[in-house]
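K.L.:
I am attaching a structure below and will ask some questions about it afterwards.
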Amino acid sequence: MTTNQYVDVGFPAVGPSLPIDHGYLLFSALCCHLPQLRHEPDWGVHPVPGRRVGPTRLALFQHSLVQLRVPTHSLSDVMVLGGKSIHVGSHLLRLGMPSVYRLHPAQRVRSHCVTVHGHEQADRFADALRHELSRLPATQPPAQIEVIIGARTHVRTRAHVVPGFEVILGDLQPETSRSIQAHGIGGRRYLGLGLFVPCQPGRPTTGAQPLTTT
């Protein structure tokens, strides 16, 4: 699948707050209305943007979105979430009508958490990351890519705590940037892991401009 065949679909999220580590809870809530999400490894669910208040809580703001990254042929499937109410753990969110965002290239992209199976230590993680980059289609040589390993993070699943790292990738050529955003790095896209967005000051978390609105 080419990089132009992926888009982000964002639903305005109305509600007071979420847990900071809400990836698995959000995935579970979405599956109640979109059960095929469990069986689509190419689909991803972005973390909901908000403002951290206290050690465990995220306050939502006007531009908070529940957002999925999906192939374009799956657009009609995910549109059913528009107007739904979902329970993310004990937190109720109301979803607005969706907008579709085209992925666009940026010289620098960021993921809040990337995991590479078998590589949980920072000193070996950069090498493992470059190996994963070499497997992506239509990308520049990994040695040309700036790799910044940020803070160590942990994401809860139903039964485990998964360790990972914040990652920033820079000096990207346009097609490499598109490929990284489309295909991601590592697994568990449904938890938001390995999903990259442009690092550009003053832009929304998606780093994208609206393509269509329904």
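Ligands are numbered from 1 in the order shown, chains are lettered A, B, ... in the order of the structure tokens, and residues start at 1 in each chain.
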Just want the 10 Å neighbourhood of Gln140 of chain A, counted on only C-alpha atoms, with same-chain residues fewer than 6 positions away dropped. Output as an NGL selection string.
P.N.:
:A and (133-134 or 172-177)
K.L.:
May I have the residues within 12 Å of Pro47 of chain A as a PyMOL selection string, using only C-alpha atoms and disregarding those fewer than 4 positions away in the same chain?
P.N.:
chain A and resi 10+13+18-27+58+60+64-69+111-113+155+189-197+205-206
K.L.:
May I have the residues within 8 Å of segment 71-85 of chain A as a list of chain:residue names, using only C-alpha atoms and disregarding those fewer than 3 positions away in the same chain?
P.N.:
A:Gln5, A:Tyr6, A:Val7, A:Val9, A:Phe11, A:Leu30, A:His33, A:Leu34, A:Asp42, A:Trp43, A:Leu92, A:Leu93, A:Arg94, A:Leu95, A:Gly96, A:Met97, A:Pro98
K.L.:
Taking all heavy atoms for each residue, export the selection above as a CSV table (one decimal), in the first residue's frame.
P.N.:
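Saved the output as part_17.csv:
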```
chain,number,residue,atom,x,y,z
A,5,GLN,N,-2.1,6.4,0.4
A,5,GLN,CA,-3.4,5.7,0.7
A,5,GLN,C,-3.7,5.6,2.2
A,5,GLN,O,-4.5,4.8,2.6
A,5,GLN,CB,-3.3,4.3,0.1
A,5,GLN,CG,-3.3,4.3,-1.4
A,5,GLN,CD,-3.2,2.9,-2.0
A,5,GLN,OE1,-2.2,2.2,-1.8
A,5,GLN,NE2,-4.2,2.4,-2.7
A,6,TYR,N,-3.0,6.5,3.0
A,6,TYR,CA,-3.3,6.6,4.4
A,6,TYR,C,-3.8,8.0,4.7
A,6,TYR,O,-3.2,9.0,4.2
A,6,TYR,CB,-2.1,6.2,5.2
A,6,TYR,CG,-1.8,4.7,5.3
A,6,TYR,CD1,-1.0,4.2,4.3
A,6,TYR,CD2,-2.3,4.0,6.3
A,6,TYR,CE1,-0.7,2.8,4.4
A,6,TYR,CE2,-2.0,2.6,6.4
A,6,TYR,CZ,-1.2,2.0,5.4
A,6,TYR,OH,-0.9,0.7,5.5
A,7,VAL,N,-4.7,8.1,5.6
A,7,VAL,CA,-5.2,9.4,6.1
A,7,VAL,C,-5.5,9.3,7.6
A,7,VAL,O,-5.6,8.2,8.2
A,7,VAL,CB,-6.5,9.8,5.4
A,7,VAL,CG1,-6.2,10.1,3.9
A,7,VAL,CG2,-7.6,8.8,5.5
A,9,VAL,N,-8.3,10.4,10.4
A,9,VAL,CA,-9.7,10.7,10.6
A,9,VAL,C,-9.9,11.2,12.0
A,9,VAL,O,-9.7,10.4,12.9
A,9,VAL,CB,-10.7,9.5,10.2
A,9,VAL,CG1,-12.1,10.0,10.3
A,9,VAL,CG2,-10.3,8.9,8.9
A,11,PHE,N,-12.2,13.0,15.1
A,11,PHE,CA,-13.5,13.3,15.6
A,11,PHE,C,-13.4,14.2,16.8
A,11,PHE,O,-12.7,13.9,17.8
A,11,PHE,CB,-14.2,12.0,16.1
A,11,PHE,CG,-14.4,11.0,15.0
A,11,PHE,CD1,-13.3,10.1,14.7
A,11,PHE,CD2,-15.6,10.9,14.3
A,11,PHE,CE1,-13.5,9.1,13.7
A,11,PHE,CE2,-15.7,9.9,13.3
A,11,PHE,CZ,-14.7,9.1,13.0
A,30,LEU,N,-13.5,2.2,21.5
A,30,LEU,CA,-13.8,2.3,20.1
A,30,LEU,C,-14.3,1.0,19.5
A,30,LEU,O,-15.1,1.0,18.6
A,30,LEU,CB,-12.6,2.8,19.4
A,30,LEU,CG,-12.1,4.3,19.7
A,30,LEU,CD1,-10.8,4.6,19.0
A,30,LEU,CD2,-13.2,5.3,19.3
A,33,HIS,N,-18.0,0.2,19.1
A,33,HIS,CA,-18.7,0.7,17.9
A,33,HIS,C,-18.1,0.3,16.6
A,33,HIS,O,-18.7,0.4,15.6
A,33,HIS,CB,-18.8,2.2,18.0
A,33,HIS,CG,-19.5,2.7,19.2
A,33,HIS,ND1,-20.9,2.7,19.3
A,33,HIS,CD2,-19.1,3.3,20.4
A,33,HIS,CE1,-21.3,3.2,20.5
A,33,HIS,NE2,-20.2,3.6,21.1
A,34,LEU,N,-16.8,-0.1,16.7
A,34,LEU,CA,-16.0,-0.4,15.5
A,34,LEU,C,-15.2,-1.7,15.8
A,34,LEU,O,-14.0,-1.7,15.9
A,34,LEU,CB,-15.1,0.8,15.3
A,34,LEU,CG,-14.4,0.9,13.9
A,34,LEU,CD1,-15.4,1.1,12.8
A,34,LEU,CD2,-13.4,2.0,14.0
A,42,ASP,N,-3.2,-2.5,10.2
A,42,ASP,CA,-2.8,-1.2,9.6
A,42,ASP,C,-3.5,0.0,10.2
A,42,ASP,O,-3.1,1.1,9.8
A,42,ASP,CB,-3.1,-1.3,8.1
A,42,ASP,CG,-2.2,-2.3,7.4
A,42,ASP,OD1,-1.1,-2.6,7.9
A,42,ASP,OD2,-2.6,-2.8,6.3
A,43,TRP,N,-4.5,-0.2,11.0
A,43,TRP,CA,-5.2,0.9,11.6
A,43,TRP,C,-4.4,1.4,12.8
A,43,TRP,O,-3.9,0.5,13.6
A,43,TRP,CB,-6.6,0.6,12.0
A,43,TRP,CG,-7.5,0.3,10.8
A,43,TRP,CD1,-7.2,0.1,9.5
A,43,TRP,CD2,-9.0,0.2,10.9
A,43,TRP,NE1,-8.3,-0.2,8.8
A,43,TRP,CE2,-9.4,-0.1,9.6
A,43,TRP,CE3,-9.9,0.3,11.9
A,43,TRP,CZ2,-10.7,-0.3,9.3
A,43,TRP,CZ3,-11.2,0.1,11.6
A,43,TRP,CH2,-11.6,-0.2,10.3
A,92,LEU,N,-16.6,9.6,30.2
A,92,LEU,CA,-17.5,9.7,29.0
A,92,LEU,C,-17.0,10.8,28.0
A,92,LEU,O,-16.8,11.9,28.4
A,92,LEU,CB,-18.9,10.0,29.5
A,92,LEU,CG,-20.0,10.2,28.4
A,92,LEU,CD1,-20.2,8.9,27.7
A,92,LEU,CD2,-21.3,10.7,29.0
A,93,LEU,N,-16.9,10.4,26.8
A,93,LEU,CA,-16.6,11.3,25.7
A,93,LEU,C,-17.7,11.3,24.7
A,93,LEU,O,-18.2,10.2,24.3
A,93,LEU,CB,-15.3,10.9,25.0
A,93,LEU,CG,-14.0,11.0,25.7
A,93,LEU,CD1,-12.8,10.7,24.8
A,93,LEU,CD2,-13.8,12.4,26.4
A,94,ARG,N,-18.1,12.5,24.1
A,94,ARG,CA,-19.0,12.6,23.0
A,94,ARG,C,-18.2,13.0,21.8
A,94,ARG,O,-17.4,13.9,21.8
A,94,ARG,CB,-20.1,13.6,23.3
A,94,ARG,CG,-21.0,13.2,24.4
A,94,ARG,CD,-22.2,14.2,24.5
A,94,ARG,NE,-21.8,15.6,24.7
A,94,ARG,CZ,-21.4,16.2,25.8
A,94,ARG,NH1,-21.4,15.5,26.9
A,94,ARG,NH2,-21.1,17.4,25.8
A,95,LEU,N,-18.3,12.2,20.7
A,95,LEU,CA,-17.6,12.4,19.5
A,95,LEU,C,-18.4,13.2,18.5
A,95,LEU,O,-19.6,13.0,18.3
A,95,LEU,CB,-17.2,11.1,18.9
A,95,LEU,CG,-16.4,10.1,19.7
A,95,LEU,CD1,-16.0,8.9,18.9
A,95,LEU,CD2,-15.2,10.8,20.3
A,96,GLY,N,-17.7,14.2,17.9
A,96,GLY,CA,-18.4,15.0,16.9
A,96,GLY,C,-18.3,14.4,15.5
A,96,GLY,O,-17.8,13.3,15.3
A,97,MET,N,-18.6,15.2,14.5
A,97,MET,CA,-18.6,14.7,13.1
A,97,MET,C,-17.1,14.8,12.6
A,97,MET,O,-16.3,15.7,12.9
A,97,MET,CB,-19.4,15.6,12.2
A,97,MET,CG,-20.9,15.4,12.5
A,97,MET,SD,-21.5,13.7,12.2
A,97,MET,CE,-21.7,13.1,13.9
A,98,PRO,N,-16.7,13.8,11.8
A,98,PRO,CA,-15.3,13.6,11.4
A,98,PRO,C,-14.8,14.6,10.4
A,98,PRO,O,-15.6,15.0,9.5
A,98,PRO,CB,-15.3,12.2,10.9
A,98,PRO,CG,-16.6,11.9,10.3
A,98,PRO,CD,-17.6,12.7,11.3
```
K.L.:
I need the strand (DSSP E or B) residues of segment 85-197 of chain A per DSSP on the backbone, written as an NGL selection string.
P.N.:
:A and (85-88 or 91-95 or 99-102 or 109-114 or 116 or 119 or 146-156 or 161-170 or 197)
K.L.:
Given only C-alpha atoms as the basis, pick out the residue of A:Gly170, A:Thr157, A:Gln36, A:Arg124 nearest to Ile145 of chain A.
P.N.:
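That would be A:Gly170, the residue with the smallest distance to Ile145 of chain A.
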K.L.:
Find the residue from A:Gly164, A:Pro12, A:Pro137, A:Gly89 that sits nearest to Gly150 of chain A; use only C-alpha atoms when measuring.
P.N.:
A:Gly164
K.L.:
Arg152 of chain A: which residues within 12 Å, counting only C-alpha atoms, same-chain residues fewer than 4 positions away excluded, as a PyMOL selection string?
P.N.:
chain A and resi 112-115+120-123+125+162-167
K.L.:
Using only C-alpha atoms, which of A:His131, A:Arg108, A:His91, A:Arg158 sits nearest Glu146 of chain A?
P.N.:
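Ranking A:His131, A:Arg108, A:His91, A:Arg158 by distance to Glu146 of chain A, first place goes to A:Arg108.
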K.L.:
Check the smallest atom-to-atom distance from each of A:Val109, A:Leu129, A:Val88, A:Ala29 to Gly186 of chain A using only C-alpha atoms, then report the winner.
P.N.:
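Among the listed residues, A:Leu129 lies closest to Gly186 of chain A.
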K.L.:
Would you mind writing down, as JSON, numbers by chain, each residue of segment 106-170 of chain A that DSSP on the backbone assigns to helix (DSSP H, G or I)?
P.N.:
{"A": [122, 123, 124, 125, 126, 127, 128, 129, 130, 131, 132, 133, 134, 142, 143, 144]}
K.L.:
With N, CA and C atoms retained, export the selected residues as an mmCIF file, in the first residue's frame.
P.N.:
```cif
data_model
loop_
_atom_site.group_PDB
_atom_site.id
_atom_site.type_symbol
_atom_site.label_atom_id
_atom_site.label_comp_id
_atom_site.auth_asym_id
_atom_site.auth_seq_id
_atom_site.Cartn_x
_atom_site.Cartn_y
_atom_site.Cartn_z
ATOM 1 N N ALA A 122 17.903 1.748 26.367
ATOM 2 C CA ALA A 122 18.157 2.917 25.530
ATOM 3 C C ALA A 122 19.423 2.787 24.702
ATOM 4 N N ASP A 123 20.474 2.122 25.237
ATOM 5 C CA ASP A 123 21.750 2.075 24.537
ATOM 6 C C ASP A 123 21.691 1.257 23.243
ATOM 7 N N ARG A 124 20.709 0.361 23.115
ATOM 8 C CA ARG A 124 20.580 -0.446 21.908
ATOM 9 C C ARG A 124 19.350 -0.067 21.084
ATOM 10 N N PHE A 125 18.553 0.821 21.631
ATOM 11 C CA PHE A 125 17.286 1.116 20.976
ATOM 12 C C PHE A 125 17.478 1.868 19.660
ATOM 13 N N ALA A 126 18.442 2.777 19.606
ATOM 14 C CA ALA A 126 18.658 3.545 18.378
ATOM 15 C C ALA A 126 19.045 2.629 17.221
ATOM 16 N N ASP A 127 19.912 1.644 17.473
ATOM 17 C CA ASP A 127 20.296 0.702 16.418
ATOM 18 C C ASP A 127 19.100 -0.117 15.952
ATOM 19 N N ALA A 128 18.280 -0.559 16.911
ATOM 20 C CA ALA A 128 17.088 -1.322 16.556
ATOM 21 C C ALA A 128 16.124 -0.466 15.739
ATOM 22 N N LEU A 129 16.049 0.807 16.078
ATOM 23 C CA LEU A 129 15.165 1.717 15.361
ATOM 24 C C LEU A 129 15.633 1.901 13.915
ATOM 25 N N ARG A 130 16.929 2.055 13.724
ATOM 26 C CA ARG A 130 17.448 2.198 12.364
ATOM 27 C C ARG A 130 17.200 0.930 11.541
ATOM 28 N N HIS A 131 17.274 -0.218 12.181
ATOM 29 C CA HIS A 131 16.967 -1.462 11.477
ATOM 30 C C HIS A 131 15.508 -1.468 11.018
ATOM 31 N N GLU A 132 14.611 -1.016 11.896
ATOM 32 C CA GLU A 132 13.204 -0.945 11.516
ATOM 33 C C GLU A 132 13.001 0.047 10.375
ATOM 34 N N LEU A 133 13.723 1.154 10.398
ATOM 35 C CA LEU A 133 13.624 2.141 9.320
ATOM 36 C C LEU A 133 14.056 1.550 7.975
ATOM 37 N N SER A 134 15.060 0.687 8.006
ATOM 38 C CA SER A 134 15.561 0.094 6.759
ATOM 39 C C SER A 134 14.535 -0.820 6.103
ATOM 40 N N PRO A 142 18.955 4.761 6.333
ATOM 41 C CA PRO A 142 18.753 5.116 7.744
ATOM 42 C C PRO A 142 19.893 5.925 8.347
ATOM 43 N N ALA A 143 21.112 5.735 7.844
ATOM 44 C CA ALA A 143 22.245 6.481 8.385
ATOM 45 C C ALA A 143 22.101 7.985 8.153
ATOM 46 N N GLN A 144 21.283 8.367 7.183
ATOM 47 C CA GLN A 144 21.074 9.785 6.895
ATOM 48 C C GLN A 144 20.011 10.419 7.788
#
```
